[in-house]
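Report on the following structure.
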Amino acid sequence: MIIDKLIDNIQKTENPTAVGLDPRFSFIPEFIKKECIEKFDKTPKAVAESFLIFNKAIIDAVYDLVPAVKVQVAMYEMLGAEGIDCFIKTCDYASQKGLIVIGDVKRSDIASSAEAYSDGHLGMLDIEGTKHNVYKEDFITLNPYIGWDSIEPYIQNCKDYEKGLFILVKTSNPNSGEFQNLNAEGIALYQRVGSYVEKWGSMLMGKNGYSSIGAVVGATHPDEAKILRQIMPKTFFLVPGYGAQGGKAEDIAACFDKNGIGAIVNSSRGIIAAYKKEAYSKFGEKDFDSAARQAVIDMKIDLRRCII
């Protein structure tokens with residue numbers, strides 16, 4: 001089960017951190033921008049190439065320290081075909097380095113559309129008997145708002161190819177409660193969704209007592225996280241919102257179980273753009289990757305002080 005590989009990676013690195021490879025052009029050091037613009041002019045190709053150079057350097061700097069990366073597809077989709085090519089190459093490079101790759105794609109559809117997403121992102125694309133692994137992801141994120149019909153098409157590929165899902169349950173954005181905290185037959189909607197995710201997870205249980213069907217639970221809502229850990233004892237949490245969004249290590253502690261496992265915490269700009277922060281000013285622009293490495297080390301220490 002892919003969830004067991006993720007847990008093994010976390011235990012090997014002693015670090016429940018996922019590095020969010022969510023680049024923006026403003027994060028890219030000027031010397032990389034200049035090189036790519038000189039080669040490809042001011043085009044989406046130039047931005048995509050700068051992202052790939054940047055991402056590979058970050059991966060090289062941190063792959064021995066972290067178990068996983070989370071790659072947000074939106075940053076790549078905005079660049080069109082060149083961006084998608086960069087997304088695929090980034091996922092592939094991270095996988096070659098032994099990292100678990102979480103594709104943050106937040107898909108939600110049914111029937112043949114969901115099957116197409118599943119075959120592309122998790123399964124194999126079959127072209128007249130020749131199969132292709134297109135996106136190189138281990139997990140993807142899904143939005144369950146339209147129900148089981150939007151989740152079921154992914155399950156067989158998860159079984160066949162040892163892949164996994166992280167389903168949105170309680171997201172980190174400030175206004176998530178507008179819908180997610182609505183009363184749903186006596187409990188909050190996010191609790192209702194959490195109970196369904198826990199039930200669905202029984203189909204993909206790993207040896208460590210967690211399912212390859214996990215949940216996205218934001219660091220910025222610690223009270224809800226405590227409730228969800230009780231509702232979802234066998235569900236592994238992907239936790240966004242640490243650092244730049246305001247989530248603290250103390251807030252995240254409730255996401256972990258009594259053995260100190262059960263969650264992986266994502267940080268994006270706090271790591272990949274660390275060289276721009278005053279705390280890492282000793283690292284110049286040329287050493288942006290070293291700044292990212294130090295930010296990972298600091299995050300590991302911060303999380304570990306609050307996890308049993």
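Following the order of the structure tokens, chains are lettered A, B, ..., residues in each are numbered from 1, and ligands are numbered from 1.
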So which residues of range 72-280 of chain A fall under strand (DSSP E or B) by DSSP, listed as a PyMOL selection string? chain A and resi 72+100-107+125-127+130-132+139-142+164-170+183-184+187-188+205+211+213-217+237-239+242+247+263-267
Return the single residue from A:Val193, A:Ile264, A:Ile297, A:Ile151 that is closest to Ala68 in chain A, with distances computed using only C-alpha atoms.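 Closest residue, counting only C-alpha atoms: A:Ile264.
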Given only C-alpha atoms as the basis, pick out the residue of A:Cys86, A:Ala254, A:Ala188, A:Leu165 nearest to Ala219 in chain A. A:Ala254
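Residue nearest Glu285 in chain A within the list A:Ile84, A:Ile227, A:Ile261, A:Ile32: A:Ile32 [criterion: smallest interatomic distance, only C-alpha atoms].
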In range 52-228 of chain A, DSSP helix (DSSP H, G or I) residues written as a ChimeraX atom specification: /A:52-62,74-77,81-96,111-121,148-150,152-161,177-180,189-204,222-228
Requested write-out: C-alpha atoms of the selected residues, as a PDB file, in the first residue's frame:
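Below is the file that was written, again.pdb:
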```
ATOM      1  CA  LEU A  52      11.695  23.314 -13.591  1.00  0.00           C
ATOM      2  CA  ILE A  53      15.213  24.566 -12.848  1.00  0.00           C
ATOM      3  CA  PHE A  54      13.992  25.950  -9.518  1.00  0.00           C
ATOM      4  CA  ASN A  55      12.044  22.804  -8.574  1.00  0.00           C
ATOM      5  CA  LYS A  56      14.924  20.465  -9.362  1.00  0.00           C
ATOM      6  CA  ALA A  57      17.281  22.528  -7.225  1.00  0.00           C
ATOM      7  CA  ILE A  58      14.823  22.482  -4.312  1.00  0.00           C
ATOM      8  CA  ILE A  59      14.336  18.720  -4.656  1.00  0.00           C
ATOM      9  CA  ASP A  60      18.102  18.130  -4.770  1.00  0.00           C
ATOM     10  CA  ALA A  61      18.477  20.190  -1.587  1.00  0.00           C
ATOM     11  CA  VAL A  62      15.786  18.474   0.490  1.00  0.00           C
ATOM     12  CA  ALA A  74      -2.685  25.322 -10.697  1.00  0.00           C
ATOM     13  CA  MET A  75       0.739  26.958 -10.804  1.00  0.00           C
ATOM     14  CA  TYR A  76       1.525  24.907 -13.894  1.00  0.00           C
ATOM     15  CA  GLU A  77      -1.848  24.858 -15.636  1.00  0.00           C
ATOM     16  CA  ALA A  81       1.017  23.011 -22.355  1.00  0.00           C
ATOM     17  CA  GLU A  82       4.496  24.183 -21.291  1.00  0.00           C
ATOM     18  CA  GLY A  83       3.359  24.298 -17.676  1.00  0.00           C
ATOM     19  CA  ILE A  84       1.816  20.840 -17.750  1.00  0.00           C
ATOM     20  CA  ASP A  85       5.060  19.499 -19.206  1.00  0.00           C
ATOM     21  CA  CYS A  86       6.898  21.118 -16.289  1.00  0.00           C
ATOM     22  CA  PHE A  87       4.415  19.581 -13.830  1.00  0.00           C
ATOM     23  CA  ILE A  88       5.008  16.109 -15.263  1.00  0.00           C
ATOM     24  CA  LYS A  89       8.785  16.536 -15.274  1.00  0.00           C
ATOM     25  CA  THR A  90       8.736  17.860 -11.698  1.00  0.00           C
ATOM     26  CA  CYS A  91       6.691  14.885 -10.456  1.00  0.00           C
ATOM     27  CA  ASP A  92       8.951  12.466 -12.324  1.00  0.00           C
ATOM     28  CA  TYR A  93      12.137  14.022 -10.955  1.00  0.00           C
ATOM     29  CA  ALA A  94      10.840  13.922  -7.379  1.00  0.00           C
ATOM     30  CA  SER A  95       9.818  10.291  -7.825  1.00  0.00           C
ATOM     31  CA  GLN A  96      13.283   9.396  -9.125  1.00  0.00           C
ATOM     32  CA  ALA A 111     -18.509   8.573 -14.709  1.00  0.00           C
ATOM     33  CA  SER A 112     -16.262   8.700 -17.784  1.00  0.00           C
ATOM     34  CA  SER A 113     -14.799  12.090 -16.813  1.00  0.00           C
ATOM     35  CA  ALA A 114     -13.669  10.801 -13.415  1.00  0.00           C
ATOM     36  CA  GLU A 115     -12.368   7.618 -15.044  1.00  0.00           C
ATOM     37  CA  ALA A 116     -10.267   9.731 -17.415  1.00  0.00           C
ATOM     38  CA  TYR A 117      -8.838  11.749 -14.534  1.00  0.00           C
ATOM     39  CA  SER A 118      -8.128   8.526 -12.656  1.00  0.00           C
ATOM     40  CA  ASP A 119      -6.433   6.790 -15.577  1.00  0.00           C
ATOM     41  CA  GLY A 120      -4.291   9.836 -16.299  1.00  0.00           C
ATOM     42  CA  HIS A 121      -3.250  10.733 -12.766  1.00  0.00           C
ATOM     43  CA  TRP A 148     -19.379   8.718  -3.861  1.00  0.00           C
ATOM     44  CA  ASP A 149     -19.875   8.848  -7.631  1.00  0.00           C
ATOM     45  CA  SER A 150     -16.889  11.208  -7.770  1.00  0.00           C
ATOM     46  CA  GLU A 152     -15.465   5.412  -6.747  1.00  0.00           C
ATOM     47  CA  PRO A 153     -13.864   5.683 -10.234  1.00  0.00           C
ATOM     48  CA  TYR A 154     -10.451   6.138  -8.580  1.00  0.00           C
ATOM     49  CA  ILE A 155     -10.572   3.145  -6.268  1.00  0.00           C
ATOM     50  CA  GLN A 156      -9.673   0.402  -8.740  1.00  0.00           C
ATOM     51  CA  ASN A 157      -6.609   2.270  -9.990  1.00  0.00           C
ATOM     52  CA  CYS A 158      -5.558   2.777  -6.367  1.00  0.00           C
ATOM     53  CA  LYS A 159      -5.801  -0.974  -5.847  1.00  0.00           C
ATOM     54  CA  ASP A 160      -4.170  -1.953  -9.136  1.00  0.00           C
ATOM     55  CA  TYR A 161      -1.267   0.496  -9.066  1.00  0.00           C
ATOM     56  CA  GLY A 177     -16.828  27.105   7.432  1.00  0.00           C
ATOM     57  CA  GLU A 178     -19.399  28.804   5.186  1.00  0.00           C
ATOM     58  CA  PHE A 179     -20.238  25.359   3.848  1.00  0.00           C
ATOM     59  CA  GLN A 180     -18.114  22.858   5.754  1.00  0.00           C
ATOM     60  CA  LEU A 189     -20.971  18.876   7.260  1.00  0.00           C
ATOM     61  CA  TYR A 190     -17.188  18.400   7.542  1.00  0.00           C
ATOM     62  CA  GLN A 191     -17.811  15.770  10.233  1.00  0.00           C
ATOM     63  CA  ARG A 192     -20.313  14.019   7.977  1.00  0.00           C
ATOM     64  CA  VAL A 193     -17.798  14.018   5.118  1.00  0.00           C
ATOM     65  CA  GLY A 194     -15.089  12.775   7.477  1.00  0.00           C
ATOM     66  CA  SER A 195     -17.203   9.810   8.538  1.00  0.00           C
ATOM     67  CA  TYR A 196     -17.725   8.858   4.893  1.00  0.00           C
ATOM     68  CA  VAL A 197     -14.003   9.121   4.131  1.00  0.00           C
ATOM     69  CA  GLU A 198     -13.239   6.898   7.105  1.00  0.00           C
ATOM     70  CA  LYS A 199     -15.749   4.335   5.797  1.00  0.00           C
ATOM     71  CA  TRP A 200     -14.396   4.482   2.242  1.00  0.00           C
ATOM     72  CA  GLY A 201     -10.891   3.967   3.607  1.00  0.00           C
ATOM     73  CA  SER A 202     -11.704   0.426   4.755  1.00  0.00           C
ATOM     74  CA  MET A 203     -11.173  -0.699   1.144  1.00  0.00           C
ATOM     75  CA  LEU A 204      -7.495   0.292   1.099  1.00  0.00           C
ATOM     76  CA  PRO A 222      -7.225  22.925  15.325  1.00  0.00           C
ATOM     77  CA  ASP A 223     -10.529  22.395  17.134  1.00  0.00           C
ATOM     78  CA  GLU A 224     -12.052  20.744  14.088  1.00  0.00           C
ATOM     79  CA  ALA A 225      -8.882  18.685  13.621  1.00  0.00           C
ATOM     80  CA  LYS A 226      -9.282  17.257  17.139  1.00  0.00           C
ATOM     81  CA  ILE A 227     -12.836  16.220  16.358  1.00  0.00           C
ATOM     82  CA  LEU A 228     -11.838  14.684  13.047  1.00  0.00           C
TER      83      LEU A 228
END
```
Name the residues in contact with Leu122 in chain A at a cut-off of 9 Å, using only C-alpha atoms, excluding same-chain residues fewer than 6 positions from it; report them as a ChimeraX atom specification. /A:133-140,154,157-158,161-164
Residues at most 6 Å from Thr220 in chain A, counting only C-alpha atoms, excluding those fewer than 4 positions away in the same chain, as number ranges by chain? A: 172, 241, 247
Counting only C-alpha atoms, the residue of A:Gly147, A:Gly218, A:Gly123, A:Gly80 that sits nearest Ala253 in chain A: A:Gly218
